[in-house]
Structure formats: structure tokens, C-alpha cells
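**Q** Take this structure first; my questions come after.
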Amino acid sequence: MSEPLNDPIDLAVLEELQSSVGREFVDELIGTYLEETPALLAALSPARAAGEAAEFKRLAHSIKSSSSAFGAAELAGLARALELGGVPADGAPLAALGAAYERAAARLTELRRG
Amino acid sequence: MAESGARVLVAEDNKVNRLLLIRSLEQLGHRGAGAENGRLALELLEQQNFDLLLLDIAMPEMDGFQVLQHLSASPRLRDLPVIVTSALEDIASVVRCIELGADDYLRKPVNPVLLRARVQSSLEKKRLRDEQREMVRRFATSEVEQDLERSGFALGGKHLTATVMFADLCGFTALCEQQSADETIELLNTYYTLMFDAISGQGGVINQMIGDGLMAIFGAPLPLADAGSRAVRAALEMIEMIELLNVERVAAGRAPLAIGVGLATGDVIAGYTGTQRRATYTCVGRTVNLAARLEAHTRVAAHTILVDDATRATLPAELATQALGAAQFKGIAGPTEVHAVTPRGAG
């Protein structure tokens with residue numbers, strides 16, 4: 001597989017992380033990220049539906065901060081927009097966030113194996 | 001060096017961030033522990049000793065702001081260094097954290113070089129605070145220590161208005177020659193116990209004991225309403241205590257004791273003096289000198305409690321005094337009006 005045109009992961013950020021805490025640890029950490037993040041994403045929808053602005057913001061913030069640690073810039077950017085922009089009127093931004101996560105997760109899985 | 005082996009608690013709800021911070025701390029030679037929300041962090045801080053807290057702001061159950069508020073309300077945890085780690089771009093949140101007592105701020109994702117520098121600096125600050133605290137614990141009275149606990153450490157000197165007391169056992173040297181060393185030490189211990197009780201009961205702080213002499217301050221380091229009359233009441237109680245002790249002593253065939261007390265009120269310069277290994281809260285200045293002179297003058301004047309004009313002026317009617325006229329004291333410019341406090345029950 002050739003690299004996608006727009007890599008969802010900023011490799012420079014990931015490599016810096018690997019060199020600072022160790023490649024093996026980063027691989028484990030990616031595993032934790034892949035385990036933890038779907039639950040955060042899933043919780044966004046009910047928080048939006050219930051209009052729980054603080055909880056929504058906290059979830060978006062959490063997704064943003066761990067995603068940016070791996071250089072998942074697109075995903076972190078979308079999460080940040082939700083964190084700062086408040087509860088969206090419809091579910092479209094959440095669907096976009098979910099899709100961005102899938103791309104980032106697939107790439108991280110690939111990079112982790114490689 | 002100070003940074004090695006520190007125990008650092010990471011309060012962070014996001015597991016990835018938490019593990020990453022703990023790992024980074026371990027790479028710096030520290031021991032990290034994690035808490036996934038503010039409430040759990042506080043529980044761990046209460047149960048165990050940590051040198052530093054890395055605190056996230058946005059957390060479920062209890063957020064970073066609430067944690068900082070709890071910390072500042074706890075005498076044990078108030079001085080724990082806190083570095084706020086948050087990706088919140090909101091500068092107002094950072095300002096609020098600093099106002100709530102956080103020492104420093106790190107943006108996430110945390111840069112390892114910055115982490116190292118900030119952790120080291122916070123631990124160094126904690127080490128200095130711990131040293132000061134230990135110094136005070138060893139050498140200051142509990143009142144002084146508690147004042148410092150409450151107000152934070154202020155080692156600089158300051159001008160205060162206070163009443164200074166000097167007290168001395170009359171003829172103590174002659175007494176020492178008549179009795180055994182053990183008896184002398186036992187006598188001093190009894191004497192100090194009684195004097196401490198009378199002085200602290202009135203809100204005074206004893207800051208020096210030299211042989212059979214002691215110096216106490218009323219109105220420093222904590223301000224004290226009616227410092228003058230409290231000091232006089234303490235002096236009267238001291239006399240009564242000595243009289244009670246004398247009943248026992250005379251019954252045991254020993255010589256009765258007598259004390260002299262000098263009190264002066266006015267401006268003092270108060271602060272910590274000493275060296276790294278021994279320090280004391282003390283007061284210096286003309287008022288202190290005058291109190292010492294008045295105490296020495298009790299033998300000349302044949303009265304047990306002597307006070308200056310400024311102290312007498314603060315006394316209520318029931319604390320009667322007798323004007324003894326002016327006296328000239330060494331090191332004190334001009335004549336000093338001296339007043340004797342009339343012991344209770346002495347007419």
C-alpha cells in the first residue's frame with residue numbers, strides 16, 4: 001500500500017513521540033487509544049441529544065488531546081472544533097468525526113504493525 | 001539531585017494521556033501514579049505522599065479547578081506543587097488555575113523537554129518549602145508553626161506593635177549552688193512548664209529560654225487584641241504559679257522562688273533569625289531592650305512586675321498599677337516612666 005495522499009497521521013509527530021518514550025511503548029499506547037477512543041466517540045451522540053454541553057465539550061476535548069499526541073491532526077482538528085463550537089445542531093459533525101477516527105485508527109494500526 | 005525519585009501523581013481522565021505522562025515522568029527518573037478523575041486524585045493525595053501533582057483541568061466527577069480548591073483548603077496539601085496539564089486553549093482557564101494556586105502550566109501534548117524543566121523547577125520549589133517547614137517545626141513553638149501553616153512562609157522581618165515580656169528567676173545562680181544538678185534541671189522543667197502554661201494561656205508566644213530567663217511576645221507573629229493586658233494577666237498568673245510552687249517547696253524544706261517580670265509595649269521588628277540548622281522567631285528593637293531593662297529593674301524597685309507607660313495605658317481599671325516615677329536605663333534614651341503592677345489580692 002502506498003501512503004495516502006493526505007496521511008491522517010502526522011508522521012513527524014509520531015516519530016518524535018516514538019523517540020521520546022520508545023517505539024514499543026508507543027505501540028502499546030496506540031493499543032490503549034484504539035480501545036478507549038470508540039467509547040468517547042459513542043458518548044458524544046447521547047450528550048448532544050441531551051444537550052449536555054459541558055459533557056459534550058469534555059468528551060470532544062479528551063478525543064482531541066489524545067489524538068493530537070499521535071499526530072492525528074485531522075481528527076484532533078475536528079474534535080477541537082466541536083470542543084470550542086459547542087453542541088452541534090445535527091449529527092453530521094459527529095459522523096465526520098467518526099469517519100476521521102476510522103481513518104486515523106486504520107493508519108495507526110498499520111504504523112503500529114510496521 | 002532533587003529531581004530523582006520524586007513521586008508524581010498524574011490526574012488525567014484520558015487513559016492515553018495519563019499513561020503517556022507517567023511514562024515520560026518515569027523516563028525522567030520519577031515514579032508516577034495515575035488517577036482518572038479529580039476525586040480519585042484527592043483520595044490518593046490524602047492516603048499517600050506525593051511530591052508533585054500533574055493536573056488536567058477537564059475531568060469527570062471533579063475537575064481540576066475543584067481539585068485546586070480542595071488542595072488550597074487543606075493544610076497538608078496546600079504546598080503540594082501543581083502543574084496544570086491541559087490542552088485547553090482558553091487562557092482564562094490557565095489564569096484561573098494559577099489564581100487557585102497552581103504553580104505552572106504545560107500544554108498538551110506535553111513536550112518532554114518542557115516537562116523536564118517544569119517538573120524540576122516545581123520539585124526544587126517544594127524542596128525549599130519543605131526545608132523551611134522542617135526548620136520551623138524544629139525550632140518554633142506550635143503557635144508560630146501554625147501561623148506559618150496558615151499564612152504561608154514569610155521569612156522576612158516586619159514592624160509590628162507587640163508587648164514583650166522578660167521573666168527571670170531571682171537568685172537562681174545561688175539556688176543552683178545549694179542543690180544537685182538533677183534538682184536544678186527538675187526545677188527548671190517545672191518552672192518552664194508553669195510559665196509556658198500561663199503565657200500561652202493568654203496568647204503569648206515564648207521565643208527564648210536562656211537558663212532561668214525567658215522572653216515572650218504578645219501580638220506577634222499573630223496580632224492579639226489587648227496584648228498589653230493579656231501580658232499583664234499572664235505575668236500575674238506566673239506569680240501565682242510560683243507562689244503555689246513555693247508552698248510545695250517550703251513544705252519540702254526548700255527555699256522559696258521569686259521571679260521578676262518586665263513588660264514593654266511598642267514597635268518591634270519581628271522575623272526569623274538564625275542559620276540553616278537553628279532558627280527562631282524573634283523580636284528586636286527598643287521595646288525588647290526596654291522589657292529586659294524593666295525585668296532587671298524589678299530587683300532594684302522591689303516589685304515583681306514592672307511595665308512601661310505604653311503597656312500601662314492599655315490596661316483596664318481592674319489591673320491596678322502604681323507609678324514608681326522615672327528611671328534611666330542603659331541603652332534607652334531619656335527617662336522611662338516605670339509602673340508596678342499590683343498583684344491580685346494585694347489590696
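The chains in the C-alpha cells are called A, B, ... from first to last as shown; in each chain the residues are counted from 1, and the ligands are counted from 1 in the order shown.
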Considering only C-alpha atoms, tabulate each residue of segment 46-126 of chain B that lies at most 12 Å from segment 29-34 of chain B along with its nearest interatomic pair and the corresponding distance in Å to one decimal; arrange the rows by chain and ascending residue number and present them as a tab-separated table.

**A**
```
residue	atom	partner	partner_atom	distance
B:Gln48	CA	B:Ala33	CA	10.7
B:Asn49	CA	B:Ala33	CA	11.2
B:Phe50	CA	B:Ala33	CA	9.3
B:Asp51	CA	B:His30	CA	10.0
B:Leu52	CA	B:Gly32	CA	9.7
B:Leu53	CA	B:Gly32	CA	9.7
B:Leu54	CA	B:Gly34	CA	9.5
B:Leu55	CA	B:Gly34	CA	10.3
B:Asp56	CA	B:Gly34	CA	11.4
B:Leu115	CA	B:His30	CA	12.0
B:Arg116	CA	B:Gly29	CA	10.1
B:Val119	CA	B:His30	CA	9.8
B:Gln120	CA	B:His30	CA	10.5
B:Leu123	CA	B:His30	CA	11.0
```

**Q** Near Pro38 of chain A, within 10 Å and counting only C-alpha atoms, which residues show up once chain neighbours fewer than 6 positions away are dropped, as a list of chain:residue names?

**A**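 Close residues of Pro38 of chain A: A:Ile63, A:Gly98, A:Tyr101, A:Glu102.
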
**Q** Would you mind listing, for every residue of chain B within 6 Å of chain A, the two atoms forming the shortest contact and the distance between them in Å to one decimal, using only C-alpha atoms, sorted by chain and ascending residue number, as a Markdown table?

**A**
```
| residue | atom | partner | partner_atom | distance |
| --- | --- | --- | --- | --- |
| B:Val16 | CA | A:Tyr33 | CA | 5.8 |
| B:Asn17 | CA | A:Ser66 | CA | 5.9 |
| B:Pro109 | CA | A:Ala69 | CA | 5.3 |
```

**Q** What's around segment 212-219 of chain B at 6 Å? Count only C-alpha atoms, leave out sequence neighbours fewer than 5 positions away in its own chain, and write the answer as a PyMOL selection string.

**A** chain B and resi 162-169+204-207+224+227

**Q** How about saving the chosen residues, N, CA and C atoms kept, as an mmCIF file, in the first residue's frame?

**A**
```
data_model
loop_
_atom_site.group_PDB
_atom_site.id
_atom_site.type_symbol
_atom_site.label_atom_id
_atom_site.label_comp_id
_atom_site.auth_asym_id
_atom_site.auth_seq_id
_atom_site.Cartn_x
_atom_site.Cartn_y
_atom_site.Cartn_z
ATOM 1 N N ALA B 162 3.771 45.149 69.535
ATOM 2 C CA ALA B 162 3.611 43.975 70.391
ATOM 3 C C ALA B 162 4.024 44.331 71.812
ATOM 4 N N THR B 163 3.616 43.468 72.744
ATOM 5 C CA THR B 163 4.083 43.593 74.119
ATOM 6 C C THR B 163 5.112 42.503 74.353
ATOM 7 N N VAL B 164 6.284 42.916 74.839
ATOM 8 C CA VAL B 164 7.374 41.981 75.041
ATOM 9 C C VAL B 164 7.530 41.714 76.532
ATOM 10 N N MET B 165 7.708 40.451 76.878
ATOM 11 C CA MET B 165 7.887 40.068 78.278
ATOM 12 C C MET B 165 9.248 39.439 78.500
ATOM 13 N N PHE B 166 9.927 39.890 79.541
ATOM 14 C CA PHE B 166 11.108 39.181 80.027
ATOM 15 C C PHE B 166 10.804 38.711 81.439
ATOM 16 N N ALA B 167 11.193 37.483 81.751
ATOM 17 C CA ALA B 167 10.987 36.970 83.104
ATOM 18 C C ALA B 167 12.229 36.202 83.520
ATOM 19 N N ASP B 168 12.512 36.253 84.793
ATOM 20 C CA ASP B 168 13.744 35.668 85.296
ATOM 21 C C ASP B 168 13.504 35.168 86.714
ATOM 22 N N LEU B 169 14.140 34.050 87.051
ATOM 23 C CA LEU B 169 14.087 33.563 88.436
ATOM 24 C C LEU B 169 15.134 34.330 89.237
ATOM 25 N N GLY B 204 0.295 34.449 74.474
ATOM 26 C CA GLY B 204 1.687 34.845 74.246
ATOM 27 C C GLY B 204 2.480 33.709 73.629
ATOM 28 N N VAL B 205 3.605 34.053 73.052
ATOM 29 C CA VAL B 205 4.472 33.071 72.410
ATOM 30 C C VAL B 205 5.858 33.188 73.033
ATOM 31 N N ILE B 206 6.331 32.076 73.594
ATOM 32 C CA ILE B 206 7.674 32.106 74.193
ATOM 33 C C ILE B 206 8.680 31.844 73.094
ATOM 34 N N ASN B 207 9.617 32.731 72.942
ATOM 35 C CA ASN B 207 10.554 32.503 71.847
ATOM 36 C C ASN B 207 11.990 32.375 72.302
ATOM 37 N N LEU B 224 -2.772 40.314 68.323
ATOM 38 C CA LEU B 224 -3.510 39.910 69.508
ATOM 39 C C LEU B 224 -4.209 41.146 70.056
ATOM 40 N N ALA B 227 -3.111 43.033 73.767
ATOM 41 C CA ALA B 227 -1.832 42.360 74.041
ATOM 42 C C ALA B 227 -1.270 42.788 75.394
#
```

**Q** Please, which residues of chain A, numbered as in this document, come out alpha helix (DSSP H) from DSSP, as a short mmCIF file (atom, residue, chain, number, x, y, z; two decimals) with N, CA and C atoms, in the first residue's frame?

**A**
```
data_model
loop_
_atom_site.label_atom_id
_atom_site.label_comp_id
_atom_site.auth_asym_id
_atom_site.auth_seq_id
_atom_site.Cartn_x
_atom_site.Cartn_y
_atom_site.Cartn_z
N LEU A 11 3.41 12.05 10.54
CA LEU A 11 4.46 11.11 10.92
C LEU A 11 5.57 11.76 11.74
N ALA A 12 5.78 13.03 11.51
CA ALA A 12 6.84 13.71 12.28
C ALA A 12 6.48 13.71 13.77
N VAL A 13 5.19 13.96 14.06
CA VAL A 13 4.75 13.96 15.46
C VAL A 13 4.89 12.56 16.07
N LEU A 14 4.45 11.58 15.30
CA LEU A 14 4.51 10.20 15.80
C LEU A 14 5.96 9.75 16.04
N GLU A 15 6.83 10.11 15.11
CA GLU A 15 8.23 9.72 15.25
C GLU A 15 8.88 10.40 16.45
N GLU A 16 8.48 11.63 16.67
CA GLU A 16 9.03 12.34 17.83
C GLU A 16 8.58 11.66 19.12
N LEU A 17 7.31 11.26 19.11
CA LEU A 17 6.79 10.54 20.28
C LEU A 17 7.54 9.23 20.49
N GLN A 18 7.76 8.52 19.38
CA GLN A 18 8.48 7.25 19.47
C GLN A 18 9.89 7.44 20.00
N SER A 19 10.53 8.49 19.55
CA SER A 19 11.92 8.68 20.00
C SER A 19 11.95 9.16 21.46
N SER A 20 10.90 9.82 21.89
CA SER A 20 10.97 10.30 23.27
C SER A 20 10.52 9.27 24.30
N VAL A 21 9.52 8.44 23.99
CA VAL A 21 9.10 7.46 25.01
C VAL A 21 9.35 6.01 24.58
N ARG A 23 9.58 3.22 21.02
CA ARG A 23 8.67 2.69 19.99
C ARG A 23 7.70 1.64 20.56
N GLU A 24 8.25 0.78 21.40
CA GLU A 24 7.42 -0.28 21.96
C GLU A 24 6.28 0.30 22.81
N PHE A 25 6.65 1.30 23.58
CA PHE A 25 5.63 1.93 24.43
C PHE A 25 4.57 2.61 23.58
N VAL A 26 5.00 3.25 22.49
CA VAL A 26 4.03 3.92 21.62
C VAL A 26 3.08 2.88 21.01
N ASP A 27 3.61 1.73 20.66
CA ASP A 27 2.75 0.67 20.12
C ASP A 27 1.68 0.26 21.14
N GLU A 28 2.13 0.11 22.39
CA GLU A 28 1.16 -0.22 23.45
C GLU A 28 0.14 0.89 23.62
N LEU A 29 0.64 2.10 23.53
CA LEU A 29 -0.22 3.26 23.75
C LEU A 29 -1.25 3.39 22.63
N ILE A 30 -0.84 3.02 21.41
CA ILE A 30 -1.80 3.01 20.30
C ILE A 30 -2.91 2.01 20.60
N GLY A 31 -2.51 0.86 21.15
CA GLY A 31 -3.50 -0.15 21.54
C GLY A 31 -4.51 0.43 22.53
N THR A 32 -4.01 1.16 23.53
CA THR A 32 -4.88 1.79 24.52
C THR A 32 -5.80 2.80 23.86
N TYR A 33 -5.23 3.58 22.95
CA TYR A 33 -6.01 4.61 22.24
C TYR A 33 -7.14 3.96 21.46
N LEU A 34 -6.83 2.86 20.78
CA LEU A 34 -7.85 2.18 19.97
C LEU A 34 -8.93 1.53 20.84
N GLU A 35 -8.54 1.18 22.07
CA GLU A 35 -9.53 0.62 22.99
C GLU A 35 -10.42 1.70 23.59
N GLU A 36 -9.82 2.83 23.90
CA GLU A 36 -10.53 3.85 24.68
C GLU A 36 -11.37 4.80 23.83
N THR A 37 -10.86 5.16 22.67
CA THR A 37 -11.49 6.23 21.91
C THR A 37 -12.91 5.93 21.41
N PRO A 38 -13.20 4.69 20.94
CA PRO A 38 -14.57 4.44 20.48
C PRO A 38 -15.63 4.77 21.54
N ALA A 39 -15.35 4.51 22.80
CA ALA A 39 -16.32 4.79 23.85
C ALA A 39 -16.55 6.30 23.99
N LEU A 40 -15.48 7.07 23.83
CA LEU A 40 -15.61 8.53 23.91
C LEU A 40 -16.46 9.04 22.74
N LEU A 41 -16.15 8.49 21.56
CA LEU A 41 -16.91 8.89 20.36
C LEU A 41 -18.39 8.54 20.51
N ALA A 42 -18.63 7.32 21.03
CA ALA A 42 -20.01 6.85 21.17
C ALA A 42 -20.79 7.70 22.16
N ALA A 43 -20.09 8.23 23.16
CA ALA A 43 -20.77 9.03 24.19
C ALA A 43 -21.16 10.42 23.69
N LEU A 44 -20.55 10.85 22.59
CA LEU A 44 -20.85 12.20 22.07
C LEU A 44 -22.31 12.34 21.64
N SER A 45 -22.82 11.31 20.98
CA SER A 45 -24.18 11.36 20.45
C SER A 45 -25.24 11.58 21.53
N PRO A 46 -25.26 10.72 22.56
CA PRO A 46 -26.24 10.96 23.63
C PRO A 46 -26.04 12.31 24.33
N ALA A 47 -24.80 12.74 24.48
CA ALA A 47 -24.55 14.03 25.12
C ALA A 47 -25.13 15.16 24.26
N ARG A 48 -24.97 15.03 22.93
CA ARG A 48 -25.53 16.03 22.02
C ARG A 48 -27.06 16.01 22.09
N ALA A 49 -27.63 14.78 22.05
CA ALA A 49 -29.09 14.65 22.05
C ALA A 49 -29.68 15.23 23.34
N ALA A 53 -24.03 20.20 27.34
CA ALA A 53 -22.93 20.95 26.70
C ALA A 53 -21.58 20.70 27.37
N ALA A 54 -21.57 20.66 28.71
CA ALA A 54 -20.29 20.50 29.42
C ALA A 54 -19.70 19.13 29.15
N GLU A 55 -20.55 18.11 29.21
CA GLU A 55 -20.09 16.75 28.97
C GLU A 55 -19.63 16.60 27.51
N PHE A 56 -20.38 17.18 26.61
CA PHE A 56 -20.03 17.14 25.18
C PHE A 56 -18.65 17.76 24.96
N LYS A 57 -18.45 18.88 25.57
CA LYS A 57 -17.19 19.60 25.44
C LYS A 57 -16.04 18.78 26.02
N ARG A 58 -16.29 18.18 27.18
CA ARG A 58 -15.24 17.40 27.82
C ARG A 58 -14.84 16.20 26.96
N LEU A 59 -15.83 15.53 26.37
CA LEU A 59 -15.56 14.36 25.51
C LEU A 59 -14.76 14.78 24.28
N ALA A 60 -15.22 15.86 23.64
CA ALA A 60 -14.53 16.34 22.44
C ALA A 60 -13.08 16.72 22.79
N HIS A 61 -12.93 17.37 23.95
CA HIS A 61 -11.62 17.79 24.43
C HIS A 61 -10.70 16.58 24.64
N SER A 62 -11.26 15.53 25.23
CA SER A 62 -10.49 14.33 25.52
C SER A 62 -10.03 13.65 24.23
N ILE A 63 -10.95 13.55 23.27
CA ILE A 63 -10.60 12.95 21.97
C ILE A 63 -9.51 13.78 21.30
N LYS A 64 -9.69 15.09 21.35
CA LYS A 64 -8.70 15.97 20.73
C LYS A 64 -7.32 15.76 21.34
N SER A 65 -7.24 15.72 22.68
CA SER A 65 -5.91 15.70 23.28
C SER A 65 -5.17 14.39 23.05
N SER A 66 -5.86 13.25 23.16
CA SER A 66 -5.12 12.00 22.91
C SER A 66 -4.82 11.82 21.43
N SER A 67 -5.73 12.29 20.56
CA SER A 67 -5.49 12.15 19.12
C SER A 67 -4.28 12.99 18.70
N SER A 68 -4.18 14.17 19.28
CA SER A 68 -3.06 15.03 18.87
C SER A 68 -1.73 14.48 19.35
N ALA A 69 -1.75 13.66 20.43
CA ALA A 69 -0.49 13.07 20.90
C ALA A 69 0.14 12.19 19.83
N ALA A 73 -3.86 14.73 13.16
CA ALA A 73 -4.17 16.16 13.07
C ALA A 73 -5.59 16.45 12.61
N GLU A 74 -6.05 15.72 11.60
CA GLU A 74 -7.38 15.98 11.06
C GLU A 74 -8.43 15.69 12.14
N LEU A 75 -8.30 14.52 12.76
CA LEU A 75 -9.23 14.12 13.81
C LEU A 75 -9.19 15.11 14.98
N ALA A 76 -7.97 15.46 15.40
CA ALA A 76 -7.84 16.40 16.52
C ALA A 76 -8.46 17.75 16.17
N GLY A 77 -8.31 18.15 14.89
CA GLY A 77 -8.87 19.43 14.44
C GLY A 77 -10.39 19.43 14.50
N LEU A 78 -10.99 18.30 14.06
CA LEU A 78 -12.46 18.19 14.09
C LEU A 78 -12.96 18.17 15.54
N ALA A 79 -12.23 17.44 16.39
CA ALA A 79 -12.63 17.36 17.80
C ALA A 79 -12.52 18.73 18.46
N ARG A 80 -11.48 19.45 18.10
CA ARG A 80 -11.28 20.78 18.66
C ARG A 80 -12.41 21.72 18.26
N ALA A 81 -12.82 21.60 16.98
CA ALA A 81 -13.93 22.44 16.51
C ALA A 81 -15.20 22.16 17.31
N LEU A 82 -15.41 20.89 17.65
CA LEU A 82 -16.59 20.53 18.45
C LEU A 82 -16.44 21.01 19.90
N GLU A 83 -15.22 20.92 20.39
CA GLU A 83 -14.97 21.36 21.77
C GLU A 83 -15.26 22.85 21.91
N LEU A 84 -14.79 23.60 20.94
CA LEU A 84 -14.92 25.05 21.04
C LEU A 84 -16.26 25.56 20.51
N GLY A 85 -16.84 24.79 19.57
CA GLY A 85 -18.06 25.27 18.92
C GLY A 85 -19.35 24.93 19.63
N ALA A 92 -24.31 15.55 11.83
CA ALA A 92 -23.32 15.50 10.75
C ALA A 92 -21.87 15.64 11.22
N PRO A 93 -21.57 16.62 12.09
CA PRO A 93 -20.17 16.76 12.53
C PRO A 93 -19.68 15.53 13.29
N LEU A 94 -20.60 14.84 13.97
CA LEU A 94 -20.20 13.63 14.70
C LEU A 94 -19.87 12.50 13.72
N ALA A 95 -20.67 12.45 12.63
CA ALA A 95 -20.38 11.44 11.61
C ALA A 95 -19.03 11.70 10.97
N ALA A 96 -18.73 12.97 10.71
CA ALA A 96 -17.43 13.34 10.13
C ALA A 96 -16.30 12.99 11.08
N LEU A 97 -16.54 13.21 12.36
CA LEU A 97 -15.53 12.90 13.38
C LEU A 97 -15.29 11.39 13.43
N GLY A 98 -16.39 10.62 13.37
CA GLY A 98 -16.28 9.16 13.38
C GLY A 98 -15.50 8.65 12.19
N ALA A 99 -15.75 9.24 11.02
CA ALA A 99 -15.04 8.82 9.81
C ALA A 99 -13.55 9.16 9.92
N ALA A 100 -13.27 10.33 10.46
CA ALA A 100 -11.86 10.74 10.63
C ALA A 100 -11.16 9.80 11.60
N TYR A 101 -11.89 9.39 12.63
CA TYR A 101 -11.31 8.43 13.58
C TYR A 101 -10.98 7.12 12.88
N GLU A 102 -11.92 6.64 12.07
CA GLU A 102 -11.68 5.37 11.37
C GLU A 102 -10.41 5.45 10.53
N ARG A 103 -10.24 6.57 9.83
CA ARG A 103 -9.03 6.73 9.00
C ARG A 103 -7.77 6.74 9.88
N ALA A 104 -7.83 7.51 10.96
CA ALA A 104 -6.66 7.61 11.83
C ALA A 104 -6.35 6.28 12.49
N ALA A 105 -7.42 5.59 12.92
CA ALA A 105 -7.23 4.31 13.61
C ALA A 105 -6.60 3.28 12.66
N ALA A 106 -7.10 3.26 11.39
CA ALA A 106 -6.56 2.30 10.41
C ALA A 106 -5.08 2.57 10.17
N ARG A 107 -4.76 3.86 10.06
CA ARG A 107 -3.36 4.22 9.78
C ARG A 107 -2.46 3.89 10.98
N LEU A 108 -2.96 4.19 12.18
CA LEU A 108 -2.18 3.90 13.38
C LEU A 108 -1.95 2.39 13.52
N THR A 109 -2.98 1.61 13.21
CA THR A 109 -2.85 0.15 13.27
C THR A 109 -1.75 -0.32 12.33
N GLU A 110 -1.77 0.28 11.14
CA GLU A 110 -0.77 -0.04 10.12
C GLU A 110 0.64 0.34 10.61
N LEU A 111 0.74 1.55 11.13
CA LEU A 111 2.05 2.05 11.58
C LEU A 111 2.55 1.25 12.79
N ARG A 112 1.61 0.80 13.57
CA ARG A 112 1.96 0.05 14.76
C ARG A 112 2.57 -1.29 14.37
N ARG A 113 1.95 -1.92 13.38
CA ARG A 113 2.49 -3.21 12.93
C ARG A 113 3.84 -3.01 12.26
#
```
